[in-house]
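Okay, upload-v1.cif now, which holds mmCIF, C-alpha atoms:
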```cif
data_upload
#
loop_
_atom_site.label_atom_id
_atom_site.label_comp_id
_atom_site.auth_asym_id
_atom_site.auth_seq_id
_atom_site.Cartn_x
_atom_site.Cartn_y
_atom_site.Cartn_z
CA MET A 18 203.12 24.05 168.75
CA PRO A 19 202.17 24.95 172.34
CA VAL A 20 198.63 25.55 173.52
CA THR A 21 198.02 29.27 174.08
CA ARG A 22 197.49 29.94 177.78
CA GLY A 23 193.93 31.02 178.42
CA PHE A 24 192.61 30.55 174.87
CA PHE A 25 189.54 28.43 174.22
CA ARG A 26 187.22 27.82 171.31
CA LYS A 27 184.33 30.25 171.59
CA ARG A 28 182.76 29.92 168.18
CA PRO A 29 180.49 26.93 167.81
CA GLU A 30 181.69 24.31 165.39
CA SER A 31 180.15 24.88 162.02
CA ALA A 32 178.36 22.29 159.96
CA ALA A 33 180.62 19.28 159.83
CA GLY A 34 183.27 19.48 157.18
CA ARG A 35 182.21 22.85 155.86
CA LEU A 36 184.91 25.07 157.31
CA PRO A 37 188.47 24.56 156.03
CA PRO A 38 191.27 24.59 158.64
CA GLY A 39 192.05 27.99 160.16
CA GLN A 40 188.91 29.61 158.72
CA TYR A 41 185.88 31.10 160.47
CA ASP A 42 182.34 31.78 159.30
CA THR A 43 181.93 35.50 158.61
CA GLY A 44 178.15 35.19 158.55
CA GLY A 45 176.36 37.95 156.74
CA SER A 46 179.28 40.26 156.09
CA TRP A 47 181.52 40.26 153.06
CA PRO A 48 184.82 41.98 153.88
CA VAL A 49 186.36 43.97 151.04
CA LEU A 50 190.08 43.45 150.55
CA THR A 51 191.75 45.08 147.61
CA ALA A 52 195.37 46.05 147.09
CA GLU A 53 194.76 48.70 144.45
CA ALA A 54 192.51 51.58 143.63
CA THR A 55 189.01 50.33 142.70
CA PRO A 56 188.53 50.98 138.98
CA GLN A 57 185.45 52.37 137.27
CA ILE A 58 184.71 50.14 134.28
CA HIS A 59 181.93 50.89 131.81
CA LEU A 60 180.16 47.93 130.26
CA ASP A 61 180.23 49.41 126.76
CA LYS A 62 184.03 49.36 126.92
CA TRP A 63 184.34 46.08 128.81
CA SER A 64 185.69 42.92 127.19
CA ILE A 65 187.34 39.64 128.12
CA SER A 66 189.89 37.75 126.05
CA VAL A 67 191.22 34.22 126.07
CA ASP A 68 194.60 34.01 124.39
CA GLY A 69 198.12 32.63 124.69
CA LEU A 70 198.44 28.93 123.85
CA VAL A 71 195.07 28.61 122.10
CA ASP A 72 194.13 27.80 118.50
CA ARG A 73 191.55 30.60 118.27
CA PRO A 74 192.22 33.65 120.45
CA ALA A 75 188.80 35.01 121.37
CA THR A 76 187.37 38.21 122.80
CA TRP A 77 183.86 38.79 124.09
CA SER A 78 182.18 42.14 124.56
CA TRP A 79 179.55 42.59 127.28
CA GLU A 80 176.83 41.95 124.69
CA ALA A 81 178.56 38.91 123.26
CA ILE A 82 179.15 37.22 126.60
CA GLN A 83 175.46 37.62 127.44
CA ARG A 84 174.68 35.29 124.52
CA LEU A 85 176.62 32.41 126.11
CA PRO A 86 174.73 29.95 128.31
CA ARG A 87 174.31 31.33 131.82
CA SER A 88 175.85 29.37 134.63
CA SER A 89 175.59 29.82 138.40
CA TYR A 90 177.56 28.77 141.45
CA THR A 91 175.91 28.40 144.82
CA GLY A 92 178.20 27.42 147.65
CA ASP A 93 180.95 28.69 149.91
CA ILE A 94 183.93 31.00 149.43
CA HIS A 95 187.11 31.13 151.49
CA CYS A 96 189.46 34.09 151.89
CA VAL A 97 193.10 33.63 152.89
CA THR A 98 192.60 36.28 155.60
CA THR A 99 190.61 33.50 157.34
CA TRP A 100 186.98 34.36 156.69
CA SER A 101 184.67 32.00 154.87
CA LYS A 102 181.24 32.88 153.61
CA PHE A 103 178.61 30.19 153.20
CA GLY A 104 175.87 29.79 150.64
CA VAL A 105 176.61 32.56 148.17
CA THR A 106 175.29 32.61 144.60
CA PHE A 107 177.15 34.05 141.65
CA THR A 108 175.93 34.00 138.05
CA GLY A 109 177.77 34.44 134.79
CA VAL A 110 179.27 31.95 132.38
CA SER A 111 181.37 28.86 132.86
CA VAL A 112 185.05 29.25 132.04
CA ASP A 113 184.68 25.90 130.24
CA ASP A 114 182.62 27.64 127.57
CA LEU A 115 185.21 30.38 127.07
CA LEU A 116 188.02 27.83 126.85
CA GLU A 117 186.09 25.65 124.44
CA ALA A 118 185.63 28.57 122.07
CA ALA A 119 189.34 29.39 122.18
CA SER A 120 190.50 25.76 121.99
CA PRO A 121 193.56 25.43 124.23
CA GLN A 122 196.62 23.83 122.68
CA ALA A 123 198.00 20.56 124.02
CA ASP A 124 200.89 22.21 125.87
CA ALA A 125 198.70 24.76 127.69
CA ARG A 126 198.80 23.76 131.37
CA PHE A 127 198.48 27.03 133.27
CA VAL A 128 196.40 30.18 133.16
CA LEU A 129 197.48 33.67 134.12
CA ALA A 130 194.33 35.68 134.85
CA HIS A 131 194.68 39.40 134.21
CA SER A 132 192.55 42.23 135.59
CA SER A 133 192.10 45.60 133.97
CA THR A 134 194.00 47.07 136.94
CA GLY A 135 197.10 45.05 136.10
CA TYR A 136 196.43 42.53 138.89
CA THR A 137 197.31 38.97 137.94
CA THR A 138 196.89 35.56 139.50
CA ASN A 139 198.07 32.17 138.32
CA LEU A 140 196.07 28.97 138.18
CA ALA A 141 196.54 25.46 136.87
CA LEU A 142 194.37 24.94 133.78
CA SER A 143 192.99 21.86 135.55
CA ASP A 144 191.60 24.17 138.27
CA MET A 145 189.79 26.21 135.62
CA THR A 146 187.98 23.33 133.88
CA GLY A 147 185.37 20.76 134.75
CA GLY A 148 182.71 23.22 135.91
CA ARG A 149 184.83 24.65 138.73
CA ALA A 150 185.49 28.18 137.41
CA TRP A 151 183.24 30.99 136.24
CA VAL A 152 183.32 34.52 134.94
CA VAL A 153 180.52 36.22 136.88
CA TRP A 154 178.63 39.52 136.96
CA GLU A 155 175.77 38.80 139.35
CA TYR A 156 175.85 38.22 143.08
CA GLY A 157 172.65 37.10 144.77
CA GLY A 158 170.70 38.06 141.65
CA GLN A 159 172.03 41.63 141.60
CA PRO A 160 174.78 43.22 139.52
CA LEU A 161 178.15 42.57 141.13
CA ALA A 162 179.25 45.66 143.07
CA ARG A 163 182.38 47.49 141.98
CA GLN A 164 184.22 46.93 145.25
CA HIS A 165 183.60 43.19 144.90
CA GLY A 166 185.12 43.13 141.43
CA GLY A 167 182.20 44.36 139.34
CA PRO A 168 181.20 44.57 136.66
CA VAL A 169 182.80 41.16 136.03
CA ARG A 170 185.13 39.00 138.08
CA LEU A 171 186.63 35.55 137.93
CA LEU A 172 185.22 32.96 140.35
CA VAL A 173 187.22 29.87 141.34
CA PRO A 174 185.55 29.05 144.65
CA HIS A 175 187.45 25.85 145.43
CA LEU A 176 190.62 27.95 145.87
CA TYR A 177 191.31 30.88 148.20
CA PHE A 178 189.43 33.91 146.98
CA TRP A 179 192.41 35.97 145.85
CA LYS A 180 192.47 33.55 142.87
CA SER A 181 189.02 34.87 141.89
CA ALA A 182 190.46 37.98 140.26
CA LYS A 183 188.30 41.10 140.44
CA TRP A 184 187.78 43.15 137.26
CA ILE A 185 188.83 40.21 135.09
CA SER A 186 189.82 41.10 131.53
CA ARG A 187 192.01 38.34 130.15
CA LEU A 188 192.83 34.65 130.56
CA GLU A 189 196.27 33.90 129.20
CA LEU A 190 197.11 30.23 128.65
CA LEU A 191 200.68 29.23 129.34
CA ALA A 192 202.88 26.14 129.26
CA GLU A 193 204.72 27.08 132.47
CA ASP A 194 203.35 28.42 135.74
CA GLN A 195 204.03 32.14 136.08
CA PRO A 196 203.43 33.65 139.53
CA GLY A 197 200.81 36.38 139.68
CA PHE A 198 200.57 39.43 141.89
CA TRP A 199 200.04 37.96 145.36
CA GLU A 200 202.00 34.85 144.44
CA ARG A 201 205.08 36.99 143.72
CA ASN A 202 204.37 38.73 147.00
CA GLY A 203 204.60 35.61 149.12
CA TYR A 204 201.30 33.80 148.59
CA HIS A 205 200.88 30.20 147.49
CA ASP A 206 200.82 29.22 143.82
CA ARG A 207 197.78 26.94 144.13
CA GLY A 208 195.91 28.11 147.23
CA ASP A 209 193.74 25.13 148.20
CA PRO A 210 191.95 26.12 151.44
CA TRP A 211 191.47 22.48 152.49
CA LEU A 212 195.25 21.98 152.37
CA GLU A 213 195.76 25.44 153.95
CA GLN A 214 198.02 26.52 151.10
CA ARG A 215 198.14 30.18 152.16
CA TYR A 216 201.74 31.25 151.70
CA GLN A 217 204.85 30.27 149.81
CA GLY A 218 206.41 27.48 151.81
CA ASP A 219 203.13 25.80 152.70
CA PRO A 220 202.77 22.19 151.47
CA MET B 23 217.87 53.05 139.32
CA ASN B 24 219.97 55.33 137.17
CA SER B 25 222.86 55.77 139.55
CA PRO B 26 224.08 54.10 142.70
CA ASP B 27 222.61 55.58 145.84
CA PRO B 28 225.28 55.83 148.54
CA GLU B 29 222.65 56.19 151.24
CA ALA B 30 221.17 52.89 150.19
CA LEU B 31 224.15 50.99 151.53
CA PRO B 32 223.01 50.41 155.13
CA LEU B 33 220.02 48.42 153.93
CA SER B 34 220.32 45.83 151.23
CA PRO B 35 217.58 45.62 148.62
CA ILE B 36 214.47 44.10 150.14
CA ASP B 37 214.65 41.03 147.92
CA ASP B 38 218.00 40.12 149.46
CA VAL B 39 217.02 40.33 153.09
CA VAL B 40 213.31 39.69 153.37
CA PRO B 41 212.37 36.03 153.04
CA ILE B 42 209.75 34.92 150.53
CA GLU B 43 209.04 31.71 152.42
CA THR B 44 208.15 31.83 156.07
CA THR B 45 207.29 29.17 158.61
CA TRP B 46 205.58 29.18 161.98
CA THR B 47 207.65 30.10 164.98
CA THR B 48 206.92 31.43 168.45
CA GLY B 49 207.36 34.71 170.25
CA ARG B 50 207.22 35.77 173.87
CA ILE B 51 205.36 38.88 174.99
CA ILE B 52 207.94 41.17 176.61
CA THR B 53 205.77 44.25 177.11
CA LYS B 54 202.05 44.84 176.89
CA ASP B 55 200.17 48.11 177.25
CA LEU B 56 196.88 49.68 176.21
CA PRO B 57 197.83 52.98 174.54
CA THR B 58 194.24 53.85 173.68
CA PRO B 59 191.02 52.40 175.08
CA GLU B 60 190.52 50.29 171.99
CA THR B 61 194.04 49.08 171.29
CA VAL B 62 196.68 46.85 172.77
CA ARG B 63 200.38 47.10 172.02
CA LEU B 64 202.55 44.00 172.27
CA ARG B 65 206.31 43.93 171.96
CA MET B 66 207.54 40.41 171.35
CA LEU B 67 210.81 38.52 171.26
CA VAL B 68 210.54 36.30 168.19
CA GLU B 69 212.38 32.97 167.89
CA ASP B 70 214.41 32.50 164.69
CA ARG B 71 213.34 35.92 163.59
CA GLN B 72 213.72 36.92 159.96
CA ARG B 73 214.34 40.44 158.70
CA HIS B 74 211.40 42.59 157.67
CA ALA B 75 210.72 45.69 155.62
CA PRO B 76 208.43 48.50 156.77
CA GLY B 77 204.83 47.74 155.82
CA GLN B 78 205.00 43.97 156.29
CA HIS B 79 202.82 41.99 158.66
CA TYR B 80 202.90 38.88 160.81
CA LEU B 81 200.28 36.26 161.55
CA ILE B 82 199.45 35.62 165.19
CA ARG B 83 197.87 32.22 165.85
CA LEU B 84 196.14 31.12 169.04
CA ARG B 85 195.73 27.45 169.89
CA ALA B 86 193.06 26.01 172.19
CA PRO B 87 193.53 22.81 174.22
CA ASP B 88 191.37 20.94 171.66
CA ASP B 89 193.77 22.12 168.91
CA TYR B 90 191.25 24.61 167.55
CA THR B 91 193.18 27.57 166.18
CA ALA B 92 192.41 31.17 165.22
CA GLN B 93 194.82 33.40 163.36
CA ARG B 94 194.85 36.99 162.16
CA SER B 95 197.44 39.19 160.49
CA TYR B 96 198.80 42.31 162.14
CA SER B 97 201.09 44.98 160.74
CA VAL B 98 204.48 45.49 162.31
CA ALA B 99 205.07 48.89 163.92
CA SER B 100 208.74 48.38 164.72
CA ASP B 101 211.85 48.93 162.65
CA ASP B 102 213.83 45.90 161.51
CA ASP B 103 216.63 47.17 163.77
CA ASP B 104 214.49 46.86 166.91
CA PRO B 105 215.35 43.79 169.01
CA LEU B 106 211.63 43.23 169.52
CA VAL B 107 208.74 43.06 167.04
CA GLU B 108 205.97 45.49 167.93
CA PHE B 109 202.27 45.05 167.11
CA LEU B 110 199.41 47.37 167.78
CA VAL B 111 196.09 45.56 167.66
CA GLU B 112 192.64 47.09 167.62
CA ARG B 113 190.29 45.40 170.06
CA LEU B 114 187.20 44.51 168.06
CA PRO B 115 184.09 43.51 170.03
CA GLY B 116 183.60 39.80 169.45
CA GLY B 117 186.97 39.53 167.70
CA GLU B 118 188.25 36.23 169.01
CA VAL B 119 191.93 37.06 168.48
CA SER B 120 191.98 40.77 169.29
CA GLU B 121 189.87 40.33 172.44
CA PHE B 122 192.20 37.62 173.62
CA LEU B 123 195.29 39.74 173.00
CA SER B 124 193.71 42.68 174.75
CA ASP B 125 192.00 40.99 177.69
CA VAL B 126 193.76 37.70 178.37
CA ALA B 127 197.33 37.70 177.06
CA GLU B 128 200.01 38.66 179.56
CA VAL B 129 203.70 39.45 179.59
CA GLY B 130 205.59 36.17 179.41
CA ASP B 131 202.99 34.36 177.31
CA VAL B 132 204.22 32.57 174.21
CA LEU B 133 202.23 32.88 170.98
CA GLU B 134 202.61 31.31 167.56
CA LEU B 135 203.87 33.75 164.93
CA ARG B 136 204.60 33.63 161.25
CA GLY B 137 206.24 36.37 159.25
CA PRO B 138 207.16 38.71 157.85
CA ILE B 139 204.51 38.42 155.15
CA GLY B 140 203.57 40.70 152.28
CA ARG B 141 205.85 42.16 149.67
CA TRP B 142 203.41 44.62 148.11
CA PHE B 143 202.48 47.03 150.89
CA VAL B 144 206.17 47.57 151.55
CA TRP B 145 208.31 50.68 151.31
CA ASP B 146 211.77 50.27 149.77
CA THR B 147 212.96 53.25 151.93
CA ARG B 148 214.29 55.04 148.83
CA THR B 149 211.33 55.95 146.63
CA PRO B 150 209.72 59.21 147.81
CA ALA B 151 206.50 58.10 149.50
CA PHE B 152 203.30 59.50 150.90
CA CYS B 153 201.19 57.65 153.48
CA LEU B 154 197.54 58.46 153.98
CA VAL B 155 196.55 56.35 156.97
CA GLY B 156 193.63 56.23 159.38
CA GLY B 157 193.07 54.82 162.87
CA THR B 158 195.10 51.70 163.54
CA GLY B 159 196.09 51.96 159.87
CA VAL B 160 198.89 54.22 161.13
CA VAL B 161 200.85 51.13 162.19
CA PRO B 162 202.74 50.47 158.93
CA ALA B 163 203.39 54.22 158.61
CA VAL B 164 204.98 54.15 162.07
CA ALA B 165 207.29 51.36 160.89
CA MET B 166 208.17 53.43 157.82
CA ILE B 167 208.85 56.52 159.98
CA ARG B 168 211.10 54.57 162.35
CA THR B 169 213.07 52.96 159.53
CA ALA B 170 213.38 56.27 157.65
CA ARG B 171 214.69 57.96 160.80
CA ARG B 172 217.32 55.28 161.35
CA LEU B 173 218.50 55.53 157.76
CA GLY B 174 218.44 59.33 157.67
CA ARG B 175 215.77 59.33 154.98
CA ALA B 176 212.93 61.07 156.76
CA ASP B 177 212.80 63.57 153.89
CA ARG B 178 211.57 60.85 151.55
CA LEU B 179 208.46 60.08 153.55
CA ALA B 180 205.40 62.24 154.19
CA VAL B 181 202.57 61.01 156.41
CA LEU B 182 199.04 62.26 156.90
CA ALA B 183 197.40 60.41 159.79
CA VAL B 184 193.67 60.61 160.39
CA GLY B 185 192.01 59.86 163.70
CA ARG B 186 188.73 60.67 165.40
CA THR B 187 190.25 62.37 168.43
CA PRO B 188 193.79 62.68 169.85
CA GLY B 189 192.97 60.05 172.46
CA MET B 190 191.86 57.58 169.79
CA LEU B 191 194.78 57.91 167.38
CA PRO B 192 197.53 55.42 168.20
CA TYR B 193 201.09 56.75 168.16
CA VAL B 194 199.80 60.32 167.90
CA ASP B 195 202.75 61.82 169.82
CA GLU B 196 205.34 59.88 167.84
CA LEU B 197 203.65 60.84 164.58
CA ARG B 198 203.66 64.51 165.56
CA GLN B 199 207.31 64.44 166.57
CA ALA B 200 208.18 62.85 163.25
CA GLY B 201 206.55 65.75 161.44
CA ALA B 202 203.43 63.93 160.27
CA THR B 203 200.35 65.96 159.50
CA ILE B 204 197.48 64.98 161.80
CA ALA B 205 193.80 65.38 160.97
CA PHE B 206 191.04 64.72 163.49
CA THR B 207 187.57 64.05 162.19
CA ARG B 208 185.84 64.75 165.52
CA HIS B 209 188.17 67.11 167.34
CA ASP B 210 189.01 70.76 166.86
CA ASP B 211 192.61 71.25 167.99
CA GLY B 212 192.47 75.03 167.75
CA GLN B 213 194.38 75.12 164.47
CA ARG B 214 192.23 72.84 162.41
CA PRO B 215 188.49 72.30 162.65
CA ALA B 216 187.20 68.75 162.96
CA GLY B 217 186.77 67.01 159.62
CA ALA B 218 188.16 64.62 157.06
CA PRO B 219 191.33 65.77 155.29
CA SER B 220 190.65 67.93 152.28
CA ARG B 221 192.24 68.14 148.86
CA GLU B 222 193.91 71.40 149.92
CA GLU B 223 195.53 69.68 152.88
CA VAL B 224 196.75 66.70 150.87
CA LEU B 225 198.07 68.50 147.79
CA PRO B 226 201.14 70.16 149.37
CA LEU B 227 202.14 66.85 150.98
CA LEU B 228 202.21 64.90 147.72
CA ASP B 229 205.08 67.02 146.44
CA SER B 230 207.58 64.60 144.94
CA ALA B 231 205.94 61.35 146.08
CA GLU B 232 206.16 58.51 143.58
CA VAL B 233 204.42 55.84 145.63
CA PHE B 234 201.31 56.17 147.81
CA TYR B 235 200.26 54.02 150.74
CA VAL B 236 196.70 53.93 152.03
CA CYS B 237 196.00 51.93 155.18
CA GLY B 238 192.84 51.88 157.24
CA SER B 239 189.34 50.50 157.28
CA ALA B 240 187.51 49.76 154.03
CA ARG B 241 185.51 52.92 154.62
CA PHE B 242 188.68 54.96 155.08
CA ALA B 243 190.17 53.54 151.88
CA GLU B 244 187.00 54.38 149.98
CA TYR B 245 187.56 57.99 150.97
CA ALA B 246 191.35 58.14 150.74
CA VAL B 247 191.97 56.53 147.35
CA PRO B 248 189.71 58.85 145.30
CA LEU B 249 191.14 61.79 147.24
CA LEU B 250 194.66 60.85 146.20
CA ILE B 251 193.60 60.37 142.59
CA ASP B 252 191.84 63.73 142.70
CA CYS B 253 195.12 65.26 143.89
CA GLY B 254 196.93 63.85 140.87
CA ALA B 255 198.33 60.58 142.22
CA ASP B 256 198.77 57.88 139.58
CA PRO B 257 196.25 55.14 140.47
CA ALA B 258 198.84 52.53 139.52
CA ALA B 259 201.19 53.93 142.18
CA ILE B 260 198.64 53.62 145.01
CA ARG B 261 199.04 50.65 147.32
CA VAL B 262 196.16 49.86 149.63
CA GLU B 263 195.97 47.82 152.80
CA GLN B 264 192.44 47.54 154.14
CA PHE B 265 191.25 45.90 157.25
CA GLY B 266 187.79 45.25 158.48
CA ALA B 267 185.99 43.56 161.28
CA THR B 268 187.79 40.29 160.81
CA GLY B 269 188.54 39.87 164.49
#
```
This entry written out as structure tokens:
Amino acid sequence: MPVTRGFFRKRPESAAGRLPPGQYDTGGSWPVLTAEATPQIHLDKWSISVDGLVDRPATWSWEAIQRLPRSSYTGDIHCVTTWSKFGVTFTGVSVDDLLEAASPQADARFVLAHSSTGYTTNLALSDMTGGRAWVVWEYGGQPLARQHGGPVRLLVPHLYFWKSAKWISRLELLAEDQPGFWERNGYHDRGDPWLEQRYQGDP
Amino acid sequence: MNSPDPEALPLSPIDDVVPIETTWTTGRIITKDLPTPETVRLRMLVEDRQRHAPGQHYLIRLRAPDDYTAQRSYSVASDDDDPLVEFLVERLPGGEVSEFLSDVAEVGDVLELRGPIGRWFVWDTRTPAFCLVGGTGVVPAVAMIRTARRLGRADRLAVLAVGRTPGMLPYVDELRQAGATIAFTRHDDGQRPAGAPSREEVLPLLDSAEVFYVCGSARFAEYAVPLLIDCGADPAAIRVEQFGATG
């Protein structure tokens, strides 16, 4: 592709290796990008389920999930709209613990994450295990704000942030990959920021 | 669909004409102007162009001599029928792409483009629709208006556009001519005092709408979505496109 006449790098290079290709450091801000009306969810009615190809379908209430071991992520997040945010901390529980309780069957290879709004996003089960995915309700030690997916959202920070479904309510285990909301609307099925898998048709 | 719609014939269903997969291409700037102090309008001739539906966007990517790139997405203002693809970009202070497009880019320059993208914030041109849009968020509504006019379906689209003042609302004349309702938050036009649109102003416009489009800043969307719900819009039928200071 041709060099753009008159365009030069203005932003300083960030810490080596920290910024995936095509991304920039948004600094202190956290842009809100949502395709639907932001829902009001009360904790006394909130729950999350793990079902589909599992031996023991499981549901946790807000109280029940609090009894699981707490787990935090501190690191970076990357949005497909090209901002990255460094050094954020989310706290909740590891998806590993939810999956272990539900016991995925041998043919479960994919997860369709559902939000209470009807939003869905698809992930490989291998991207949800091994301490790389969380269900979180705290950001920087404070309750997660509604516009950022509160009370509880999914967090899969090694993939573009649309995979970290806001207002998470259900993890459905599947044998075949089933495109979610943005994926049906032209976005990539895996969404690895380091491979720049933004849209359908990317490698 | 219960029955065939004879008017639907000029445009095939979106799934048949709008590509799911897109690749990078290039486009040449054919015209450039600054319709408001804070915006730049580019009309571009796109190589290997693919068809688009109103509401979709393109990515514009800039490439530095050291191969550093910056890309942002911009809504399309033009109809699919237009030989050029039109973008209206808000110039954000410190925005590395929007400042370049506003201050540096010239007619004749070639930019990298990818699109059309997005199959959610898209109007099928048949379902009765209402757009509540603010500032440069009017852009996808302009595309919808232009496409509706070409297809003779202007009666299926109602638009309420919100701007601070007439001089700061892009496409204000075109919106007016198309019958859009205009609300200024900081300008009294003699018929309407300055202020955000009220429930009473929105209600009569919803009429038969079955799908609702909200486009504007995050702050605008935070106002507009509850307003629509308060007016009886089904939250599941509201589609939101927000933009922020992402450059």
Report the residues retrieved by the PyMOL selection byres ((chain B and resi 245-254) around 10) from the displayed file, expressed as a PDB file with C-alpha atoms, in the frame of the given file.
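Here's the written file out.pdb:
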```pdb
ATOM      1  CA  GLU A  53     194.760  48.700 144.450  1.00  0.00           C
ATOM      2  CA  ALA A  54     192.510  51.580 143.630  1.00  0.00           C
ATOM      3  CA  THR A  55     189.010  50.330 142.700  1.00  0.00           C
TER       4      THR A  55
ATOM      5  CA  PHE B 152     203.300  59.500 150.900  1.00  0.00           C
ATOM      6  CA  LEU B 154     197.540  58.460 153.980  1.00  0.00           C
ATOM      7  CA  VAL B 155     196.550  56.350 156.970  1.00  0.00           C
ATOM      8  CA  GLY B 156     193.630  56.230 159.380  1.00  0.00           C
ATOM      9  CA  ALA B 218     188.160  64.620 157.060  1.00  0.00           C
ATOM     10  CA  PRO B 219     191.330  65.770 155.290  1.00  0.00           C
ATOM     11  CA  SER B 220     190.650  67.930 152.280  1.00  0.00           C
ATOM     12  CA  ARG B 221     192.240  68.140 148.860  1.00  0.00           C
ATOM     13  CA  GLU B 222     193.910  71.400 149.920  1.00  0.00           C
ATOM     14  CA  VAL B 224     196.750  66.700 150.870  1.00  0.00           C
ATOM     15  CA  LEU B 225     198.070  68.500 147.790  1.00  0.00           C
ATOM     16  CA  PRO B 226     201.140  70.160 149.370  1.00  0.00           C
ATOM     17  CA  LEU B 228     202.210  64.900 147.720  1.00  0.00           C
ATOM     18  CA  PHE B 234     201.310  56.170 147.810  1.00  0.00           C
ATOM     19  CA  TYR B 235     200.260  54.020 150.740  1.00  0.00           C
ATOM     20  CA  VAL B 236     196.700  53.930 152.030  1.00  0.00           C
ATOM     21  CA  CYS B 237     196.000  51.930 155.180  1.00  0.00           C
ATOM     22  CA  GLY B 238     192.840  51.880 157.240  1.00  0.00           C
ATOM     23  CA  SER B 239     189.340  50.500 157.280  1.00  0.00           C
ATOM     24  CA  ALA B 240     187.510  49.760 154.030  1.00  0.00           C
ATOM     25  CA  ARG B 241     185.510  52.920 154.620  1.00  0.00           C
ATOM     26  CA  PHE B 242     188.680  54.960 155.080  1.00  0.00           C
ATOM     27  CA  ALA B 243     190.170  53.540 151.880  1.00  0.00           C
ATOM     28  CA  GLU B 244     187.000  54.380 149.980  1.00  0.00           C
ATOM     29  CA  ALA B 255     198.330  60.580 142.220  1.00  0.00           C
ATOM     30  CA  ASP B 256     198.770  57.880 139.580  1.00  0.00           C
ATOM     31  CA  PRO B 257     196.250  55.140 140.470  1.00  0.00           C
ATOM     32  CA  ALA B 258     198.840  52.530 139.520  1.00  0.00           C
ATOM     33  CA  ALA B 259     201.190  53.930 142.180  1.00  0.00           C
ATOM     34  CA  ILE B 260     198.640  53.620 145.010  1.00  0.00           C
ATOM     35  CA  ARG B 261     199.040  50.650 147.320  1.00  0.00           C
ATOM     36  CA  VAL B 262     196.160  49.860 149.630  1.00  0.00           C
TER      37      VAL B 262
END
```
Evaluate the PyMOL selection byres ((chain B and resi 199) around 12) and report residues as a PyMOL selection string:
chain B and resi 164+167-168+171+176+181+193-198+200-204
Write out as a list in words the residues lying within 6 Å of Trp151 of chain A, counting only C-alpha atoms and excluding same-chain residues fewer than 4 positions away.
Val110, Ser111, Val112, Leu171 and Leu172 of chain A
Using C-alpha atoms, can you write the selected residues to a file as a tab-separated table (two decimals), in the frame of the given file?
```tsv
chain	number	residue	atom	x	y	z
A	110	VAL	CA	179.27	31.95	132.38
A	111	SER	CA	181.37	28.86	132.86
A	112	VAL	CA	185.05	29.25	132.04
A	171	LEU	CA	186.63	35.55	137.93
A	172	LEU	CA	185.22	32.96	140.35
```
Per residue of chain A within 9 Å of chain B, record the nearest atom pair and its distance in Å to one decimal, counting all atoms listed in the file, with rows in chain order and ascending residue number, as a tab-separated table.
```
residue	atom	partner	partner_atom	distance
A:Met18	CA	B:Glu134	CA	7.4
A:Pro19	CA	B:Arg85	CA	7.3
A:Val20	CA	B:Arg85	CA	5.0
A:Thr21	CA	B:Arg85	CA	5.1
A:Arg22	CA	B:Asp131	CA	7.1
A:Gly23	CA	B:Val126	CA	6.7
A:Phe24	CA	B:Ala86	CA	5.3
A:Phe25	CA	B:Ala86	CA	4.7
A:Arg26	CA	B:Ala86	CA	6.2
A:Lys27	CA	B:Glu118	CA	7.6
A:Arg28	CA	B:Glu118	CA	8.4
A:Pro38	CA	B:Thr91	CA	8.3
A:Gly39	CA	B:Ala92	CA	6.0
A:Gln40	CA	B:Ala92	CA	7.5
A:Tyr41	CA	B:Ala92	CA	8.1
A:Thr43	CA	B:Thr268	CA	7.9
A:Pro48	CA	B:Gly266	CA	6.4
A:Val49	CA	B:Ala240	CA	6.6
A:Leu50	CA	B:Gln264	CA	5.9
A:Thr51	CA	B:Val262	CA	6.8
A:Ala52	CA	B:Val262	CA	4.6
A:Glu53	CA	B:Val262	CA	5.5
A:Ala54	CA	B:Pro257	CA	6.1
A:Thr55	CA	B:Val247	CA	8.3
A:Pro56	CA	B:Pro257	CA	8.9
A:Thr98	CA	B:Arg94	CA	7.0
A:Thr99	CA	B:Arg94	CA	7.3
A:Trp100	CA	B:Thr268	CA	7.3
A:Thr134	CA	B:Ala258	CA	7.7
A:Gly135	CA	B:Ala258	CA	8.4
A:Phe198	CA	B:Trp142	CA	8.6
A:Trp199	CA	B:Trp142	CA	8.0
A:Arg201	CA	B:Arg141	CA	7.9
A:Asn202	CA	B:Arg141	CA	4.6
A:Gly203	CA	B:Ile42	CA	5.4
A:Tyr204	CA	B:Gly140	CA	8.1
A:Tyr216	CA	B:Glu43	CA	7.3
A:Gln217	CA	B:Glu43	CA	5.1
A:Gly218	CA	B:Glu43	CA	5.0
A:Asp219	CA	B:Thr45	CA	8.0
```
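Nearest residue to Val153 of chain A, choosing from A:His205, A:Arg170, A:His175, A:Lys183 and counting only C-alpha atoms: A:Arg170.
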